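Pasting work06.txt here (compact mmCIF, C-alpha atoms):
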# COMPACT_ATOMS: atom_id res chain seq x y z
CA MET A 1 -28.22 136.20 -62.96
CA SER A 2 -25.39 134.06 -64.19
CA VAL A 3 -24.42 130.49 -63.35
CA THR A 4 -22.00 130.13 -60.44
CA PRO A 5 -19.55 127.23 -60.41
CA ILE A 6 -19.43 125.03 -57.32
CA THR A 7 -15.89 123.90 -56.63
CA SER A 8 -16.02 122.35 -53.16
CA LEU A 9 -18.23 120.24 -50.97
CA ALA A 10 -18.32 122.97 -48.32
CA GLN A 11 -19.59 125.46 -50.91
CA PHE A 12 -22.22 122.98 -52.12
CA ASN A 13 -23.41 122.28 -48.58
CA GLY A 14 -23.78 125.99 -47.88
CA ILE A 15 -25.87 126.42 -51.03
CA ALA A 16 -28.02 123.32 -50.54
CA ASN A 17 -28.73 124.16 -46.90
CA SER A 18 -29.66 127.79 -47.47
CA ASP A 19 -33.19 129.15 -47.54
CA ARG A 20 -32.76 130.06 -51.20
CA VAL A 21 -33.98 127.83 -54.01
CA SER A 22 -31.00 126.57 -56.01
CA VAL A 23 -30.84 124.63 -59.26
CA VAL A 24 -27.57 122.70 -59.47
CA TYR A 25 -26.40 121.30 -62.81
CA PHE A 26 -23.91 118.40 -62.81
CA TRP A 27 -21.93 118.19 -66.05
CA ALA A 28 -18.55 117.45 -67.65
CA TYR A 29 -16.74 118.96 -70.60
CA TRP A 30 -16.46 115.59 -72.40
CA CYS A 31 -20.21 114.90 -72.11
CA GLY A 32 -21.90 115.42 -75.49
CA PRO A 33 -25.45 115.79 -74.14
CA CYS A 34 -24.13 118.28 -71.57
CA ARG A 35 -22.70 120.45 -74.34
CA GLY A 36 -26.11 120.47 -75.97
CA VAL A 37 -28.10 121.43 -72.87
CA THR A 38 -25.62 123.83 -71.27
CA PRO A 39 -26.66 126.83 -73.41
CA ILE A 40 -30.30 126.17 -72.46
CA PHE A 41 -29.46 126.06 -68.75
CA ASP A 42 -27.33 129.18 -69.07
CA GLY A 43 -30.21 130.88 -70.88
CA PHE A 44 -32.61 130.18 -68.03
CA ALA A 45 -30.08 131.57 -65.55
CA GLY A 46 -29.43 134.70 -67.56
CA SER A 47 -33.00 135.43 -68.58
CA GLY A 48 -34.08 137.18 -65.39
CA SER A 49 -37.36 135.30 -65.65
CA TYR A 50 -36.85 133.28 -62.46
CA PRO A 51 -36.28 135.75 -59.63
CA GLY A 52 -35.25 134.12 -56.39
CA VAL A 53 -33.87 131.01 -58.11
CA ASP A 54 -30.08 130.62 -58.02
CA PHE A 55 -28.26 128.63 -60.72
CA TYR A 56 -25.07 126.61 -60.17
CA LYS A 57 -22.86 124.16 -62.08
CA VAL A 58 -20.71 121.32 -60.80
CA ASP A 59 -18.05 119.98 -63.16
CA ILE A 60 -17.85 116.41 -61.90
CA ASP A 61 -14.20 116.14 -62.97
CA ASN A 62 -13.17 119.24 -61.01
CA ALA A 63 -15.37 118.57 -57.96
CA PRO A 64 -15.70 114.77 -57.69
CA ASP A 65 -16.33 115.01 -53.94
CA VAL A 66 -19.51 116.98 -54.62
CA ALA A 67 -20.67 114.55 -57.30
CA ASN A 68 -20.01 111.58 -55.02
CA HIS A 69 -21.78 113.24 -52.09
CA VAL A 70 -25.03 113.74 -53.99
CA GLY A 71 -24.80 110.83 -56.41
CA GLY A 72 -24.47 113.22 -59.34
CA GLN A 73 -22.36 110.95 -61.52
CA THR A 74 -25.14 110.47 -64.08
CA ILE A 75 -24.89 113.50 -66.30
CA PRO A 76 -26.34 115.76 -67.28
CA GLY A 77 -28.16 115.95 -63.98
CA PHE A 78 -30.17 118.80 -62.52
CA TYR A 79 -31.15 119.00 -58.86
CA VAL A 80 -33.15 121.61 -56.97
CA TYR A 81 -32.30 122.25 -53.31
CA ARG A 82 -33.73 124.32 -50.50
CA ARG A 83 -33.12 124.10 -46.75
CA GLY A 84 -31.04 120.94 -47.13
CA GLN A 85 -33.74 119.07 -49.04
CA LYS A 86 -33.64 117.94 -52.64
CA ILE A 87 -36.99 119.18 -53.95
CA GLY A 88 -36.55 118.45 -57.65
CA GLU A 89 -34.48 116.29 -59.97
CA LEU A 90 -33.99 115.69 -63.69
CA ILE A 91 -31.52 113.33 -65.33
CA GLY A 92 -30.75 113.75 -69.00
CA ALA A 93 -30.68 116.45 -71.67
CA GLN A 94 -34.40 117.14 -71.90
CA PRO A 95 -34.95 120.85 -72.61
CA ALA A 96 -38.73 120.86 -72.04
CA ALA A 97 -38.41 118.90 -68.79
CA LEU A 98 -35.59 121.22 -67.68
CA GLN A 99 -37.82 124.23 -68.27
CA ASN A 100 -40.53 122.58 -66.14
CA LEU A 101 -37.98 121.89 -63.39
CA VAL A 102 -36.93 125.55 -63.37
CA LEU A 103 -40.56 126.73 -63.46
CA ASN A 104 -41.35 124.51 -60.48
CA ALA A 105 -38.34 125.92 -58.62
CA ALA A 106 -39.68 129.42 -59.28
CA ARG A 107 -43.09 128.38 -57.91
CA VAL A 108 -41.42 127.27 -54.67
CA VAL A 109 -39.91 130.75 -54.38
CA GLN A 110 -43.34 132.32 -54.84
CA THR A 111 -45.00 130.12 -52.21
CA ARG A 112 -42.25 129.86 -49.59
CA ALA A 113 -42.91 131.20 -46.13

This structure in structure tokens:
Amino acid sequence: MSVTPITSLAQFNGIANSDRVSVVYFWAYWCGPCRGVTPIFDGFAGSGSYPGVDFYKVDIDNAPDVANHVGGQTIPGFYVYRRGQKIGELIGAQPAALQNLVLNAARVVQTRA
């Protein structure tokens, strides 16, 4: 699976409120740490190792309404959503912690009713 860009608040709300587990990455082109961690995030999304987990990106400059809505101005920021609830969060370019966040998201998929 690839990473899908989120470009509107309505799109974000639909994703966050769905029954699917979604990892949403808040970033900006000018953010140095984001440029370092983006290939890692993209690798998780494209690996096929996390079935049932959807991966999204929000460019805070192109979708400031989404960033303001969720408080995603501190970047890089990674948030996990399901059924309208934030069930995971990571702030900063921490590859090992990001892998744990994605692994935990995959565990939610495995245990969800």

> So which residues touch region 103-107 of chain A within 8 Å, counting all atoms listed in the file, skipping near sequence neighbours fewer than 3 positions away, as a ChimeraX atom specification?
Replying inline: /A:21-23,50-53,80,88,99-100,110-111

>> From the options A:Ile75, A:Ala16, A:Leu90, A:Ala67, which residue's atoms come nearest to Ala28 (chain A), counting all atoms listed in the file?
In response: A:Ile75

>> Would you compute the distance between CA of Pro5 (chain A) and CA of Val58 (chain A)? Give it in Å to one decimal.
In response: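 Rounded to one decimal, the two atoms are 6.0 Å apart.
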
If you count all atoms listed in the file, which residues fall within 10 Å of Asp42 (chain A), apart from same-chain ones fewer than 2 positions away, as a compact mmCIF listing (two decimals) with C-alpha atoms, in the coordinates of the input?
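As written to disk, part.txt reads:
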# COMPACT_ATOMS: atom_id res chain seq x y z
CA MET A 1 -28.22 136.20 -62.96
CA SER A 2 -25.39 134.06 -64.19
CA VAL A 3 -24.42 130.49 -63.35
CA VAL A 37 -28.10 121.43 -72.87
CA THR A 38 -25.62 123.83 -71.27
CA PRO A 39 -26.66 126.83 -73.41
CA ILE A 40 -30.30 126.17 -72.46
CA PHE A 44 -32.61 130.18 -68.03
CA ALA A 45 -30.08 131.57 -65.55
CA GLY A 46 -29.43 134.70 -67.56
CA SER A 47 -33.00 135.43 -68.58
CA PHE A 55 -28.26 128.63 -60.72
CA TYR A 56 -25.07 126.61 -60.17
CA LYS A 57 -22.86 124.16 -62.08

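The space between CA of Gln11 (chain A) and CA of Glu89 (chain A) spans 19.7 Å.
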
> Which of these, A:Tyr79, A:Phe12, A:Tyr29, A:Phe41, has the shortest distance to Ile60 (chain A) once you count only C-alpha atoms?
Replying inline: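 For Ile60 (chain A), the nearest of the candidates is A:Tyr29.
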
Enclose the full set of atoms of region 4-8 of chain A listed in the file within a box whose edges lie along x, y and z, apply 6 Å of padding to each of the six sides, and report centre and edge lengths in Å to one decimal as lines of an AutoDock Vina configuration file.
center_x = -18.9
center_y = 126.2
center_z = -56.8
size_x = 18.1
size_y = 19.8
size_z = 19.3

> What is the CA of Ile15 (chain A) to CA of Val70 (chain A) distance in Å?
Replying inline: 13.0 Å

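With only C-alpha atoms as the atoms that count, the residue of A:Pro95, A:Ile87, A:Tyr25, A:Ala63 with the shortest distance to Thr7 (chain A) is A:Ala63.
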
N, CA and C atoms are what I want for region 60-72 of chain A; can you complete it accordingly and write them as a PDB file, in the coordinates of the input?
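What landed in result-v2.pdb:
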ATOM      1  N   ILE A  60     -18.120 117.600 -62.718  1.00  0.00           N
ATOM      2  CA  ILE A  60     -17.850 116.410 -61.900  1.00  0.00           C
ATOM      3  C   ILE A  60     -16.382 115.994 -61.931  1.00  0.00           C
ATOM      4  N   ASP A  61     -15.634 116.440 -62.925  1.00  0.00           N
ATOM      5  CA  ASP A  61     -14.200 116.140 -62.970  1.00  0.00           C
ATOM      6  C   ASP A  61     -13.404 117.056 -62.048  1.00  0.00           C
ATOM      7  N   ASN A  62     -13.872 118.278 -61.866  1.00  0.00           N
ATOM      8  CA  ASN A  62     -13.170 119.240 -61.010  1.00  0.00           C
ATOM      9  C   ASN A  62     -13.646 119.212 -59.565  1.00  0.00           C
ATOM     10  N   ALA A  63     -14.823 118.655 -59.326  1.00  0.00           N
ATOM     11  CA  ALA A  63     -15.370 118.570 -57.960  1.00  0.00           C
ATOM     12  C   ALA A  63     -15.974 117.182 -57.739  1.00  0.00           C
ATOM     13  N   PRO A  64     -15.152 116.122 -57.843  1.00  0.00           N
ATOM     14  CA  PRO A  64     -15.700 114.770 -57.690  1.00  0.00           C
ATOM     15  C   PRO A  64     -16.287 114.503 -56.313  1.00  0.00           C
ATOM     16  N   ASP A  65     -15.783 115.203 -55.288  1.00  0.00           N
ATOM     17  CA  ASP A  65     -16.330 115.010 -53.940  1.00  0.00           C
ATOM     18  C   ASP A  65     -17.783 115.457 -53.879  1.00  0.00           C
ATOM     19  N   VAL A  66     -18.123 116.510 -54.592  1.00  0.00           N
ATOM     20  CA  VAL A  66     -19.510 116.980 -54.620  1.00  0.00           C
ATOM     21  C   VAL A  66     -20.377 115.975 -55.359  1.00  0.00           C
ATOM     22  N   ALA A  67     -19.908 115.525 -56.519  1.00  0.00           N
ATOM     23  CA  ALA A  67     -20.670 114.550 -57.300  1.00  0.00           C
ATOM     24  C   ALA A  67     -20.900 113.265 -56.511  1.00  0.00           C
ATOM     25  N   ASN A  68     -19.870 112.793 -55.823  1.00  0.00           N
ATOM     26  CA  ASN A  68     -20.010 111.580 -55.020  1.00  0.00           C
ATOM     27  C   ASN A  68     -20.968 111.772 -53.852  1.00  0.00           C
ATOM     28  N   HIS A  69     -20.927 112.943 -53.242  1.00  0.00           N
ATOM     29  CA  HIS A  69     -21.780 113.240 -52.090  1.00  0.00           C
ATOM     30  C   HIS A  69     -23.262 113.180 -52.446  1.00  0.00           C
ATOM     31  N   VAL A  70     -23.615 113.675 -53.608  1.00  0.00           N
ATOM     32  CA  VAL A  70     -25.030 113.740 -53.990  1.00  0.00           C
ATOM     33  C   VAL A  70     -25.435 112.667 -54.987  1.00  0.00           C
ATOM     34  N   GLY A  71     -24.479 111.846 -55.420  1.00  0.00           N
ATOM     35  CA  GLY A  71     -24.800 110.830 -56.410  1.00  0.00           C
ATOM     36  C   GLY A  71     -25.007 111.431 -57.792  1.00  0.00           C
ATOM     37  N   GLY A  72     -24.291 112.518 -58.080  1.00  0.00           N
ATOM     38  CA  GLY A  72     -24.470 113.220 -59.340  1.00  0.00           C
ATOM     39  C   GLY A  72     -23.540 112.753 -60.431  1.00  0.00           C
TER      40      GLY A  72
END
